[in-house]
$ cat start_24.cif   # mmCIF, C-alpha atoms
data_run
loop_
_atom_site.label_atom_id
_atom_site.label_comp_id
_atom_site.auth_asym_id
_atom_site.auth_seq_id
_atom_site.Cartn_x
_atom_site.Cartn_y
_atom_site.Cartn_z
CA MET C 21 -10.15 -13.59 -9.86
CA ALA C 22 -11.64 -16.27 -12.06
CA ARG C 23 -11.32 -16.49 -15.78
CA ALA C 24 -13.52 -14.04 -17.62
CA ALA C 25 -16.66 -15.51 -19.04
CA VAL C 26 -16.25 -16.20 -22.71
CA PRO C 27 -18.94 -14.42 -24.69
CA GLY C 28 -20.58 -16.06 -27.62
CA ARG C 29 -19.08 -15.55 -31.04
CA LEU C 30 -15.56 -15.38 -29.69
CA GLY C 31 -13.15 -15.38 -32.54
CA GLU C 32 -15.53 -13.88 -35.02
CA ARG C 33 -14.33 -10.49 -36.08
CA LEU C 34 -16.34 -7.73 -34.45
CA ARG C 35 -17.78 -5.76 -37.33
CA TRP C 36 -18.73 -2.11 -37.41
CA ARG C 37 -22.45 -1.82 -38.09
CA PRO C 38 -24.52 1.24 -38.97
CA ALA C 39 -26.86 2.25 -36.16
CA GLU C 40 -29.81 4.57 -36.71
CA LEU C 41 -31.18 6.67 -33.90
CA THR C 42 -34.83 5.77 -33.50
CA GLY C 43 -35.68 7.62 -30.33
CA ARG C 44 -34.31 9.65 -27.47
CA ARG C 45 -35.48 10.71 -24.06
CA ALA C 46 -34.03 12.87 -21.31
CA GLU C 47 -33.18 10.99 -18.12
CA SER C 48 -31.86 13.98 -16.17
CA ALA C 49 -30.51 17.45 -16.93
CA LEU C 50 -27.28 15.93 -18.28
CA ALA C 51 -28.19 12.40 -19.32
CA HIS C 52 -30.10 11.17 -22.35
CA THR C 53 -31.09 7.70 -23.37
CA LEU C 54 -30.60 7.00 -27.07
CA ALA C 55 -32.32 4.10 -28.81
CA PHE C 56 -30.71 2.71 -31.94
CA ASP C 57 -31.75 0.20 -34.52
CA VAL C 58 -28.71 -1.94 -35.42
CA PRO C 59 -29.52 -4.43 -38.20
CA GLY C 60 -27.81 -7.73 -37.48
CA TRP C 61 -27.02 -6.91 -33.83
CA PRO C 62 -25.77 -10.23 -32.42
CA GLY C 63 -27.34 -9.70 -28.98
CA HIS C 64 -25.58 -8.92 -25.73
CA LEU C 65 -25.28 -9.72 -22.06
CA ALA C 66 -26.24 -7.27 -19.33
CA GLY C 67 -23.16 -5.27 -18.35
CA GLN C 68 -21.43 -5.36 -21.73
CA HIS C 69 -20.51 -2.24 -23.64
CA VAL C 70 -20.36 -1.12 -27.21
CA ASP C 71 -17.87 0.92 -29.18
CA VAL C 72 -19.39 3.92 -30.95
CA ARG C 73 -17.67 5.54 -33.92
CA LEU C 74 -18.52 8.96 -35.28
CA THR C 75 -17.22 10.16 -38.62
CA ALA C 76 -17.34 13.80 -39.71
CA GLU C 77 -17.90 15.09 -43.24
CA ASP C 78 -14.16 15.67 -43.62
CA GLY C 79 -13.37 12.05 -42.81
CA TYR C 80 -12.22 12.63 -39.24
CA SER C 81 -13.51 9.93 -36.96
CA THR C 82 -13.34 9.12 -33.30
CA GLN C 83 -14.54 6.33 -31.04
CA ARG C 84 -15.85 5.95 -27.51
CA SER C 85 -17.10 3.04 -25.41
CA TYR C 86 -20.55 3.17 -23.81
CA SER C 87 -22.30 0.70 -21.57
CA LEU C 88 -25.46 -0.84 -22.94
CA ALA C 89 -28.44 0.23 -20.85
CA SER C 90 -31.08 -2.07 -22.30
CA ALA C 91 -31.83 -5.75 -21.95
CA PRO C 92 -31.24 -7.76 -25.13
CA ASP C 93 -34.06 -6.87 -27.55
CA ALA C 94 -33.49 -8.07 -31.13
CA ASP C 95 -31.87 -5.32 -33.21
CA ARG C 96 -32.62 -2.54 -30.74
CA ILE C 97 -30.08 -1.22 -28.25
CA GLU C 98 -30.19 1.67 -25.82
CA LEU C 99 -27.31 3.73 -24.45
CA THR C 100 -27.54 6.35 -21.75
CA VAL C 101 -25.05 9.13 -22.37
CA GLN C 102 -24.17 11.75 -19.81
CA ARG C 103 -22.92 14.99 -21.28
CA VAL C 104 -19.31 15.64 -20.24
CA ARG C 105 -18.39 19.33 -20.22
CA ASP C 106 -15.94 20.05 -23.06
CA GLY C 107 -16.34 16.48 -24.25
CA GLU C 108 -15.92 15.73 -27.92
CA VAL C 109 -18.54 13.02 -28.32
CA SER C 110 -21.02 13.12 -25.46
CA PRO C 111 -22.35 16.66 -26.18
CA TYR C 112 -22.90 15.62 -29.78
CA LEU C 113 -24.77 12.46 -28.80
CA ALA C 114 -26.71 14.25 -26.06
CA ASP C 115 -27.68 17.39 -27.97
CA VAL C 116 -27.16 17.09 -31.73
CA LEU C 117 -27.77 13.54 -32.93
CA ASP C 118 -31.37 13.36 -34.09
CA VAL C 119 -33.81 10.61 -34.95
CA GLY C 120 -32.81 9.13 -38.31
CA ASP C 121 -29.13 10.08 -37.94
CA LEU C 122 -26.46 7.40 -38.16
CA VAL C 123 -23.48 6.36 -36.07
CA GLU C 124 -21.52 3.13 -36.22
CA VAL C 125 -21.35 0.58 -33.42
CA ARG C 126 -19.20 -2.44 -32.76
CA GLY C 127 -19.82 -5.03 -30.12
CA PRO C 128 -20.89 -6.24 -27.73
CA VAL C 129 -17.62 -6.08 -25.84
CA GLY C 130 -16.63 -7.37 -22.40
CA GLY C 131 -17.28 -10.72 -20.81
CA TRP C 132 -16.45 -10.18 -17.14
CA PHE C 133 -18.70 -7.42 -15.84
CA VAL C 134 -21.83 -9.28 -16.91
CA TRP C 135 -24.90 -10.80 -15.31
CA ARG C 136 -26.60 -13.77 -16.95
CA PRO C 137 -30.22 -14.81 -16.30
CA GLU C 138 -29.09 -18.31 -15.29
CA GLN C 139 -27.29 -16.86 -12.25
CA THR C 140 -29.33 -17.48 -9.09
CA GLU C 141 -27.18 -16.11 -6.26
CA PRO C 142 -27.97 -12.82 -4.48
CA VAL C 143 -26.67 -9.78 -6.31
CA LEU C 144 -25.55 -6.44 -4.95
CA LEU C 145 -25.35 -3.61 -7.44
CA VAL C 146 -23.44 -0.52 -6.32
CA ALA C 147 -23.74 2.45 -8.64
CA GLY C 148 -22.05 5.82 -8.50
CA GLY C 149 -23.68 8.42 -10.76
CA SER C 150 -23.96 7.27 -14.36
CA GLY C 151 -22.24 4.03 -13.31
CA LEU C 152 -25.86 2.95 -12.91
CA VAL C 153 -26.17 2.34 -16.66
CA PRO C 154 -24.69 -1.19 -17.02
CA LEU C 155 -26.30 -2.15 -13.69
CA MET C 156 -29.67 -1.03 -15.06
CA ALA C 157 -29.12 -3.42 -17.95
CA MET C 158 -28.80 -6.17 -15.32
CA VAL C 159 -32.02 -5.05 -13.58
CA ARG C 160 -33.85 -4.99 -16.90
CA THR C 161 -32.46 -8.33 -18.03
CA ARG C 162 -33.50 -9.89 -14.73
CA ARG C 163 -37.02 -8.52 -15.22
CA ALA C 164 -37.25 -9.59 -18.86
CA ALA C 165 -36.07 -13.11 -17.99
CA GLY C 166 -38.47 -13.47 -15.04
CA SER C 167 -35.47 -14.26 -12.85
CA LYS C 168 -36.00 -14.79 -9.12
CA ALA C 169 -32.38 -13.93 -8.24
CA PRO C 170 -32.63 -11.45 -5.36
CA PHE C 171 -31.16 -8.07 -6.29
CA ARG C 172 -30.22 -5.15 -4.10
CA LEU C 173 -29.20 -1.84 -5.62
CA LEU C 174 -27.33 0.89 -3.78
CA TYR C 175 -27.34 4.01 -5.91
CA SER C 176 -25.16 6.96 -4.94
CA VAL C 177 -25.96 10.16 -6.76
CA ARG C 178 -25.28 13.85 -6.17
CA SER C 179 -28.83 15.07 -5.81
CA PRO C 180 -32.39 14.00 -6.66
CA GLU C 181 -32.25 15.85 -10.01
CA ASP C 182 -29.34 13.67 -11.12
CA ARG C 183 -31.16 10.38 -10.66
CA LEU C 184 -31.56 8.18 -13.70
CA TYR C 185 -34.45 5.82 -14.44
CA VAL C 186 -36.52 7.25 -11.57
CA SER C 187 -39.84 5.70 -12.53
CA GLU C 188 -38.32 2.26 -13.10
CA LEU C 189 -36.59 2.26 -9.71
CA ASP C 190 -39.60 3.21 -7.61
CA GLY C 191 -39.40 0.19 -5.30
CA SER C 192 -42.33 -1.69 -6.83
CA GLU C 193 -40.35 -4.44 -8.53
CA PRO C 194 -40.50 -7.79 -6.69
CA GLY C 195 -37.09 -9.05 -5.64
CA LEU C 196 -35.34 -5.73 -6.26
CA GLU C 197 -34.60 -3.52 -3.27
CA THR C 198 -33.28 -0.09 -4.11
CA VAL C 199 -31.61 2.34 -1.72
CA CYS C 200 -30.60 5.76 -2.93
CA ILE C 201 -27.99 7.85 -1.16
CA TYR C 202 -27.26 11.47 -2.00
CA THR C 203 -23.78 12.90 -1.82
CA ARG C 204 -24.56 16.63 -2.16
CA GLY C 205 -28.20 17.36 -1.49
CA ALA C 206 -30.81 15.00 -0.07
CA PRO C 207 -34.54 15.77 -0.28
CA ALA C 208 -36.18 17.17 2.86
CA GLY C 209 -36.92 14.38 5.31
CA TRP C 210 -34.62 11.85 3.63
CA PRO C 211 -33.52 9.40 6.35
CA ARG C 212 -29.84 9.66 5.53
CA PRO C 213 -28.04 13.00 5.44
CA ALA C 214 -26.15 13.86 2.27
CA GLY C 215 -22.62 12.49 2.22
CA ARG C 216 -20.24 10.15 0.51
CA LEU C 217 -20.62 6.39 0.52
CA ALA C 218 -19.67 4.77 3.84
CA ALA C 219 -19.34 1.21 5.12
CA ARG C 220 -22.67 1.50 6.89
CA ASP C 221 -24.48 2.21 3.61
CA LEU C 222 -23.12 -0.99 2.13
CA SER C 223 -23.87 -3.11 5.18
CA GLU C 224 -27.41 -1.74 5.49
CA ALA C 225 -28.37 -1.81 1.82
CA GLY C 226 -26.31 -4.84 0.81
CA TRP C 227 -26.10 -8.48 1.76
CA PRO C 228 -24.11 -9.94 4.63
CA PRO C 229 -20.92 -11.62 3.38
CA ARG C 230 -22.25 -15.02 4.52
CA SER C 231 -24.89 -14.73 1.79
CA ALA C 232 -21.99 -14.72 -0.67
CA PRO C 233 -23.54 -12.21 -3.06
CA LEU C 234 -21.95 -11.34 -6.33
CA CYS C 235 -21.18 -7.62 -6.15
CA TYR C 236 -21.05 -5.38 -9.20
CA VAL C 237 -19.62 -1.92 -8.65
CA CYS C 238 -19.61 0.77 -11.33
CA GLY C 239 -18.92 4.47 -11.24
CA PRO C 240 -16.11 6.99 -11.33
CA THR C 241 -12.68 5.76 -10.25
CA GLY C 242 -12.73 7.24 -6.75
CA PHE C 243 -16.19 5.87 -6.05
CA VAL C 244 -15.30 2.38 -7.26
CA GLU C 245 -12.03 2.32 -5.31
CA THR C 246 -13.89 3.33 -2.15
CA ALA C 247 -16.84 0.98 -2.62
CA ALA C 248 -14.70 -2.06 -3.50
CA ASP C 249 -12.35 -1.40 -0.56
CA LEU C 250 -15.29 -1.07 1.83
CA LEU C 251 -16.83 -4.31 0.57
CA VAL C 252 -13.54 -6.12 1.18
CA ASP C 253 -13.36 -4.54 4.66
CA LEU C 254 -16.88 -5.80 5.39
CA GLY C 255 -15.75 -9.34 4.64
CA HIS C 256 -16.78 -9.85 1.03
CA ALA C 257 -14.37 -12.02 -0.93
CA PRO C 258 -12.42 -9.94 -3.48
CA GLU C 259 -13.20 -12.50 -6.17
CA ARG C 260 -16.93 -11.87 -5.60
CA ILE C 261 -16.54 -8.17 -6.40
CA ARG C 262 -16.52 -7.11 -10.04
CA THR C 263 -15.75 -3.56 -10.95
CA GLU C 264 -16.10 -1.30 -13.91
CA ARG C 265 -14.64 2.18 -13.66
CA PHE C 266 -14.54 5.25 -15.75
CA GLY C 267 -12.52 8.37 -15.34
CA PRO C 268 -13.78 11.86 -16.05
CA SER C 269 -12.24 11.71 -19.50
CA GLY C 270 -15.07 9.81 -21.14
CA GLY C 271 -15.73 12.83 -23.34
CA MET R 6 -19.32 2.85 -47.54
CA VAL R 7 -18.42 5.56 -45.10
CA ILE R 8 -21.12 6.29 -42.55
CA ILE R 9 -21.17 10.02 -41.78
CA SER R 10 -22.73 11.19 -38.56
CA ARG R 11 -24.64 14.31 -39.58
CA GLY R 12 -23.43 17.45 -37.90
CA PHE R 13 -20.48 15.81 -36.16
CA ARG R 14 -17.33 17.86 -36.51
CA GLY R 15 -15.12 16.66 -33.68
CA ARG R 16 -12.71 18.58 -31.61
CA ALA R 17 -10.01 20.76 -33.11
CA ARG R 18 -7.23 18.35 -34.08
CA ASP R 19 -4.09 18.63 -32.03
CA SER R 20 -1.04 18.19 -34.25
CA ARG R 21 1.49 17.89 -31.43
CA HIS R 22 0.93 14.17 -31.05
CA THR R 23 0.10 11.41 -33.48
CA LEU R 24 -2.71 9.28 -32.11
CA PRO R 25 -3.11 5.61 -33.01
CA PRO R 26 -6.34 4.93 -34.94
CA GLY R 27 -9.51 5.27 -32.89
CA GLN R 28 -7.76 6.86 -29.90
CA TYR R 29 -8.22 10.29 -28.31
CA GLU R 30 -5.92 12.16 -25.97
CA THR R 31 -6.56 12.56 -22.28
CA THR R 32 -4.48 14.43 -19.74
CA ASP R 33 -5.68 12.65 -16.64
CA PHE R 34 -4.94 9.05 -15.79
CA PRO R 35 -8.09 6.92 -15.82
CA VAL R 36 -8.16 3.71 -13.83
CA LEU R 37 -9.57 0.47 -15.19
CA SER R 38 -9.51 -2.78 -13.25
CA ALA R 39 -11.74 -5.80 -13.09
CA GLY R 40 -11.94 -6.04 -9.31
CA PRO R 41 -10.90 -4.45 -6.03
CA THR R 42 -7.38 -3.07 -5.81
CA PRO R 43 -5.31 -5.86 -4.20
CA ARG R 44 -3.61 -5.01 -0.93
CA VAL R 45 0.02 -5.86 -1.50
CA ASP R 46 2.44 -5.29 1.35
CA ARG R 47 5.97 -4.47 0.24
CA GLU R 48 7.32 -6.63 3.05
CA ALA R 49 5.64 -9.65 1.49
CA TRP R 50 6.01 -8.55 -2.14
CA GLN R 51 7.87 -10.83 -4.47
CA PHE R 52 8.50 -10.86 -8.19
CA THR R 53 9.38 -14.08 -9.99
CA ILE R 54 10.35 -15.09 -13.49
CA ARG R 55 9.54 -18.77 -13.99
CA THR R 56 10.93 -20.52 -17.04
CA GLU R 57 9.37 -23.32 -19.04
CA THR R 58 11.58 -25.79 -17.13
CA GLY R 59 10.33 -24.53 -13.77
CA GLU R 60 13.47 -22.59 -12.91
CA GLN R 61 12.65 -19.56 -10.78
CA HIS R 62 14.34 -16.20 -10.47
CA SER R 63 12.84 -14.19 -7.61
CA TRP R 64 13.36 -10.79 -6.05
CA ASP R 65 12.01 -9.32 -2.85
CA TRP R 66 11.33 -5.58 -2.59
CA ALA R 67 14.76 -4.66 -1.28
CA GLY R 68 16.56 -6.78 -3.85
CA PHE R 69 14.37 -5.55 -6.66
CA THR R 70 14.70 -1.84 -5.93
CA ALA R 71 18.46 -2.24 -5.57
CA LEU R 72 18.68 -3.22 -9.24
CA PRO R 73 19.70 -0.53 -11.73
CA SER R 74 16.60 1.38 -12.79
CA GLU R 75 15.65 3.44 -15.81
CA THR R 76 13.34 6.43 -16.12
CA PRO R 77 11.39 5.99 -19.35
CA THR R 78 9.03 8.68 -20.61
CA VAL R 79 6.42 6.88 -22.70
CA ASP R 80 2.99 7.22 -24.29
CA LEU R 81 0.14 5.05 -23.05
CA HIS R 82 -2.68 3.73 -25.21
CA CYS R 83 -5.69 2.10 -23.53
CA VAL R 84 -8.07 -0.11 -25.47
CA THR R 85 -10.95 1.93 -24.00
CA LYS R 86 -9.79 4.63 -26.43
CA TRP R 87 -7.75 7.07 -24.36
CA SER R 88 -4.10 7.83 -24.97
CA LYS R 89 -1.88 9.72 -22.60
CA PHE R 90 1.36 11.21 -23.85
CA GLY R 91 4.66 11.72 -22.09
CA THR R 92 4.13 9.73 -18.89
CA ARG R 93 7.22 9.49 -16.67
CA TRP R 94 8.10 6.25 -14.88
CA GLU R 95 10.91 4.61 -13.00
CA GLY R 96 11.45 0.89 -13.15
CA VAL R 97 13.72 -2.01 -13.87
CA SER R 98 14.12 -3.06 -17.49
CA LEU R 99 13.11 -6.63 -18.26
CA ASP R 100 16.51 -6.91 -19.99
CA VAL R 101 18.11 -6.60 -16.54
CA LEU R 102 15.71 -9.09 -14.99
CA MET R 103 16.15 -11.59 -17.82
CA ARG R 104 19.95 -11.35 -17.85
CA ASP R 105 20.56 -14.61 -15.98
CA VAL R 106 17.49 -16.42 -17.29
CA THR R 107 18.06 -19.25 -19.75
CA THR R 108 15.02 -20.01 -21.83
CA SER R 109 13.87 -21.09 -25.25
CA ALA R 110 10.31 -19.89 -24.55
CA ARG R 111 8.59 -17.61 -27.04
CA PHE R 112 5.64 -16.50 -24.96
CA ALA R 113 4.99 -14.95 -21.58
CA LEU R 114 1.97 -15.19 -19.32
CA VAL R 115 2.05 -12.38 -16.77
CA HIS R 116 0.41 -13.01 -13.38
CA ALA R 117 -0.67 -10.28 -10.99
CA TYR R 118 -1.63 -10.17 -7.34
CA GLY R 119 -5.41 -10.52 -7.32
CA GLY R 120 -5.36 -13.13 -10.06
CA TYR R 121 -5.21 -11.02 -13.22
CA THR R 122 -3.25 -12.48 -16.14
CA THR R 123 -2.23 -11.31 -19.60
CA ASN R 124 -0.22 -12.90 -22.40
CA LEU R 125 2.26 -11.53 -24.91
CA PRO R 126 5.27 -12.70 -26.91
CA LEU R 127 8.45 -12.82 -24.86
CA GLU R 128 10.35 -10.75 -27.43
CA ASP R 129 8.04 -7.81 -26.68
CA LEU R 130 9.39 -7.76 -23.13
CA LEU R 131 12.98 -7.41 -24.32
CA ASP R 132 15.27 -4.91 -26.04
CA GLY R 133 14.42 -1.91 -23.92
CA ARG R 134 10.68 -2.10 -24.52
CA ALA R 135 9.37 -3.25 -21.12
CA TRP R 136 9.91 -2.46 -17.47
CA ILE R 137 8.67 -3.45 -14.03
CA ALA R 138 7.79 0.07 -12.90
CA TYR R 139 7.49 1.17 -9.29
CA ARG R 140 7.45 4.96 -9.53
CA TYR R 141 5.24 7.27 -11.57
CA ASP R 142 5.69 11.03 -11.90
CA ASP R 143 8.39 11.15 -9.21
CA ALA R 144 6.26 9.36 -6.60
CA ASP R 145 5.74 5.77 -5.48
CA LEU R 146 3.29 4.07 -7.82
CA ALA R 147 -0.21 4.39 -6.32
CA PRO R 148 -2.09 1.14 -5.60
CA GLU R 149 -4.90 1.94 -8.04
CA HIS R 150 -2.32 2.34 -10.81
CA GLY R 151 -0.64 -0.96 -9.95
CA GLY R 152 1.58 -0.28 -6.97
CA PRO R 153 3.82 -1.52 -5.51
CA ALA R 154 4.92 -2.43 -9.06
CA ARG R 155 3.41 -3.01 -12.47
CA LEU R 156 4.54 -4.21 -15.83
CA LEU R 157 4.98 -1.40 -18.35
CA VAL R 158 4.89 -2.39 -22.03
CA PRO R 159 3.92 0.89 -23.64
CA HIS R 160 4.05 -0.23 -27.27
CA LEU R 161 1.03 -2.49 -26.66
CA TYR R 162 -2.45 -1.58 -25.37
CA LEU R 163 -2.29 -0.88 -21.67
CA TRP R 164 -4.12 -4.02 -20.50
CA LYS R 165 -0.88 -5.88 -21.30
CA SER R 166 0.91 -3.72 -18.71
CA ALA R 167 -0.38 -5.79 -15.80
CA LYS R 168 -0.84 -3.89 -12.56
CA TRP R 169 0.32 -5.49 -9.26
CA VAL R 170 2.64 -7.76 -11.22
CA HIS R 171 3.78 -10.85 -9.35
CA GLU R 172 5.17 -13.37 -11.80
CA ILE R 173 6.13 -13.73 -15.43
CA GLN R 174 5.74 -17.29 -16.61
CA LEU R 175 7.71 -18.18 -19.74
CA LEU R 176 5.95 -20.60 -22.05
CA THR R 177 6.73 -22.45 -25.25
CA GLU R 178 3.04 -22.30 -26.27
CA ASP R 179 0.93 -19.16 -26.06
CA GLU R 180 -1.68 -19.22 -23.29
CA ARG R 181 -4.41 -16.59 -23.13
CA GLY R 182 -4.81 -14.29 -20.16
CA PHE R 183 -7.83 -12.68 -18.53
CA TRP R 184 -9.02 -10.23 -21.19
CA GLU R 185 -7.65 -12.28 -24.06
CA THR R 186 -9.88 -15.17 -22.96
CA ALA R 187 -12.80 -12.72 -23.06
CA GLY R 188 -12.18 -11.81 -26.66
CA TYR R 189 -9.44 -9.20 -26.57
CA HIS R 190 -6.49 -9.46 -28.93
CA ASP R 191 -3.51 -11.72 -28.18
CA TYR R 192 -1.02 -9.07 -29.30
CA GLY R 193 -2.75 -5.68 -28.97
CA ASP R 194 -0.75 -3.30 -31.16
CA PRO R 195 -2.49 0.10 -30.92
CA TRP R 196 -1.02 1.26 -34.25
CA ARG R 197 -2.69 -1.68 -36.01
CA GLU R 198 -5.80 -1.22 -33.83
CA GLN R 199 -5.70 -4.79 -32.56
CA ARG R 200 -8.39 -4.40 -29.92
CA TYR R 201 -10.31 -7.66 -30.21
CA GLN R 202 -9.65 -11.17 -31.45
CA GLY R 203 -9.78 -11.10 -35.23
CA ASP R 204 -8.70 -7.46 -35.58
#
$ encode --input "start_24.cif" --output "structure tokens"
Amino acid sequence: MARAAVPGRLGERLRWRPAELTGRRAESALAHTLAFDVPGWPGHLAGQHVDVRLTAEDGYSTQRSYSLASAPDADRIELTVQRVRDGEVSPYLADVLDVGDLVEVRGPVGGWFVWRPEQTEPVLLVAGGSGLVPLMAMVRTRRAAGSKAPFRLLYSVRSPEDRLYVSELDGSEPGLETVCIYTRGAPAGWPRPAGRLAARDLSEAGWPPRSAPLCYVCGPTGFVETAADLLVDLGHAPERIRTERFGPSGG
Amino acid sequence: MVIISRGFRGRARDSRHTLPPGQYETTDFPVLSAGPTPRVDREAWQFTIRTETGEQHSWDWAGFTALPSETPTVDLHCVTKWSKFGTRWEGVSLDVLMRDVTTSARFALVHAYGGYTTNLPLEDLLDGRAWIAYRYDDADLAPEHGGPARLLVPHLYLWKSAKWVHEIQLLTEDERGFWETAGYHDYGDPWREQRYQGD
């Protein structure tokens, strides 16, 4: 494992900033993308996350971390939030927060699970469920920067209804190959039967180890453990595999 | 100015535990790591304390697990906001491991299998506040949680409790570890909410 990349502005205190919801759209039955205007947002790298703080009328406040979904775009950031059953924050963000409402954000945070436009090596993105979000920021940043770095995305999701960013991942983007695998229910005629991620999926959709891709794996703990282990088994160097995991407690 | 999020009420507050600022309670045990889980064979496992003069104190698995152990029950606070109360561990106190170590170092840089590092003041490893833990909840520590053995420093944010611990390097000058280099706090006291540099 190499040293983490040092983000810009290291040492400057990360300030809480007001963020106003400017738009929202449903991505799936459970997931919503929220667009915020954050005056003074210092910019971010694809893969970084942001801390979100909510404060109630009675002064109670709580925080959560969310991956940034959008490419850097001035003062505008987008998060994709999947509603967690019985969660404290995600149901509020998904269902209650309305255009014009305020939250506070602090960030960007994280300097390891990032992709920078100056990177040129092949990239394998492996997403489990809403683990796609920070990887989508990489896809979007690559597009916005006009990068020629070859990307392959393996996206594991329960069923077609759970897919995020469907229209953006329709296979039409040059230099981005996307393979979707379904763990519970595949559409009729889908070439691969529904089932959990296996070594074959990674060898078919990914790069051979001799191409020395940089692999980014994000998803729930069990998915990330499995995917990272399989990549090592296939011969990828552990130091070329970066992981970001979240448990079911995201709330 | 306090920014209120309209219509946010939050969950019913649980008065059984006091949470550090900005934390919420979870009952499961999330896993966060920067890379694949290293494959560490107990036969080849070794733990070393290296002083600022280069003196080494090393234990293999048999020697390490033969040391007197303790069974702390502690609360965990992760910088990603979750706290978990009343976790039960078994491990060797750093006081035991440091007993024959002569040092004037003030800082420690902890090295893990897989290359992870983290820094903290040496005094935070002493006086019954830190362990090298190898069992969790009456079972061998699972690899994804740091097995065969991890550092456990529960009074600091959990990234200081390096999984797959391999060596503790004692230093006279502080040297930043993996997340600290990326902007996380050098000390990481959850009660003072020291998440990032400058907090």
$ resolve_selection --input "start_24.cif" --expression "the PyMOL selection byres ((chain R) within 8 of (chain C))" --output "JSON, numbers by chain"
{"R": [8, 9, 10, 11, 12, 13, 14, 15, 16, 27, 28, 29, 31, 33, 34, 35, 36, 37, 38, 39, 40, 41, 42, 85, 86, 119, 120, 121, 149, 183, 184, 186, 187, 188, 201, 202, 203, 204]}
$ atom_distance --input "start_24.cif" --atom1 "atom CA of R:Pro73" --atom2 "atom CA of R:Arg104"
12.4 Å
$ atom_distance --input "start_24.cif" --atom1 "atom CA of C:Ala49" --atom2 "atom CA of C:Asp115"
11.4 Å
$ closest_residue --input "start_24.cif" --among "R:Gln61, R:Ser166, R:Thr177, R:Thr107" --to "R:Ala135" --atoms "all atoms listed in the file"
R:Ser166
$ atom_distance --input "start_24.cif" --atom1 "atom CA of R:Tyr118" --atom2 "atom CA of R:Trp169"
5.4 Å
$ resolve_selection --input "start_24.cif" --expression "the PyMOL selection byres ((chain R and resi 63-66) around 10)" --output "list in words"
Asp46, Arg47, Glu48, Ala49, Trp50, Gln51, Phe52, Thr53, Ile54, Arg55, Glu60, Gln61, His62, Ala67, Gly68, Phe69, Thr70, Ala71, Leu72, Leu102, Pro153, Ala154, His171 and Glu172 of chain R
$ residues_around --input "start_24.cif" --residues "R:Gly152" --least-positions-apart "4" --cutoff "12 Å" --atoms "all atoms listed in the file" --output "MDAnalysis selection string"
chainID R and resid 42:47 50 66 96 117:118 137:141 144:148 156:157 167:171
$ closest_residue --input "start_24.cif" --among "C:Ile97, C:Leu234, C:Leu174, C:Val143" --to "C:Arg126" --atoms "all atoms listed in the file"
C:Ile97
$ residues_around --input "start_24.cif" --residues "stretch 198-215 of chain C" --least-positions-apart "6" --cutoff "8 Å" --atoms "only C-alpha atoms" --output "list in words"
Arg172, Leu173, Leu174, Tyr175, Ser176, Val177, Arg178, Ser179, Pro180, Leu189, Asp190, Gly191 and Ala225 of chain C
$ write_last_selection --input "start_24.cif" --atoms "C-alpha atoms" --output "PDB file, in the frame of the given file"
ATOM      1  CA  ARG C 172     -30.220  -5.150  -4.100  1.00  0.00           C
ATOM      2  CA  LEU C 173     -29.200  -1.840  -5.620  1.00  0.00           C
ATOM      3  CA  LEU C 174     -27.330   0.890  -3.780  1.00  0.00           C
ATOM      4  CA  TYR C 175     -27.340   4.010  -5.910  1.00  0.00           C
ATOM      5  CA  SER C 176     -25.160   6.960  -4.940  1.00  0.00           C
ATOM      6  CA  VAL C 177     -25.960  10.160  -6.760  1.00  0.00           C
ATOM      7  CA  ARG C 178     -25.280  13.850  -6.170  1.00  0.00           C
ATOM      8  CA  SER C 179     -28.830  15.070  -5.810  1.00  0.00           C
ATOM      9  CA  PRO C 180     -32.390  14.000  -6.660  1.00  0.00           C
ATOM     10  CA  LEU C 189     -36.590   2.260  -9.710  1.00  0.00           C
ATOM     11  CA  ASP C 190     -39.600   3.210  -7.610  1.00  0.00           C
ATOM     12  CA  GLY C 191     -39.400   0.190  -5.300  1.00  0.00           C
ATOM     13  CA  ALA C 225     -28.370  -1.810   1.820  1.00  0.00           C
TER      14      ALA C 225
END
$ closest_residue --input "start_24.cif" --among "R:Cys83, R:Ala17, R:Leu24, R:Ile173" --to "R:Arg200" --atoms "all atoms listed in the file"
R:Cys83
$ resolve_selection --input "start_24.cif" --expression "the PyMOL selection byres ((chain R and resi 23) around 12)" --output "list in words"
Arg18, Asp19, Ser20, Arg21, His22, Leu24, Pro25, Pro26, Gly27, Gln28, Tyr29, Glu30, Asp80, His82, Ser88, Lys89, Phe90, Pro195 and Trp196 of chain R
$ closest_residue --input "start_24.cif" --among "C:Val72, C:Cys238, C:Ala94, C:Ser87" --to "C:Asp57" --atoms "all atoms listed in the file"
C:Ala94
$ residues_around --input "start_24.cif" --residues "C:Ala164" --least-positions-apart "3" --cutoff "10 Å" --atoms "all atoms listed in the file" --output "VMD selection string"
chain C and resid 91 to 93 137 158 to 161 167
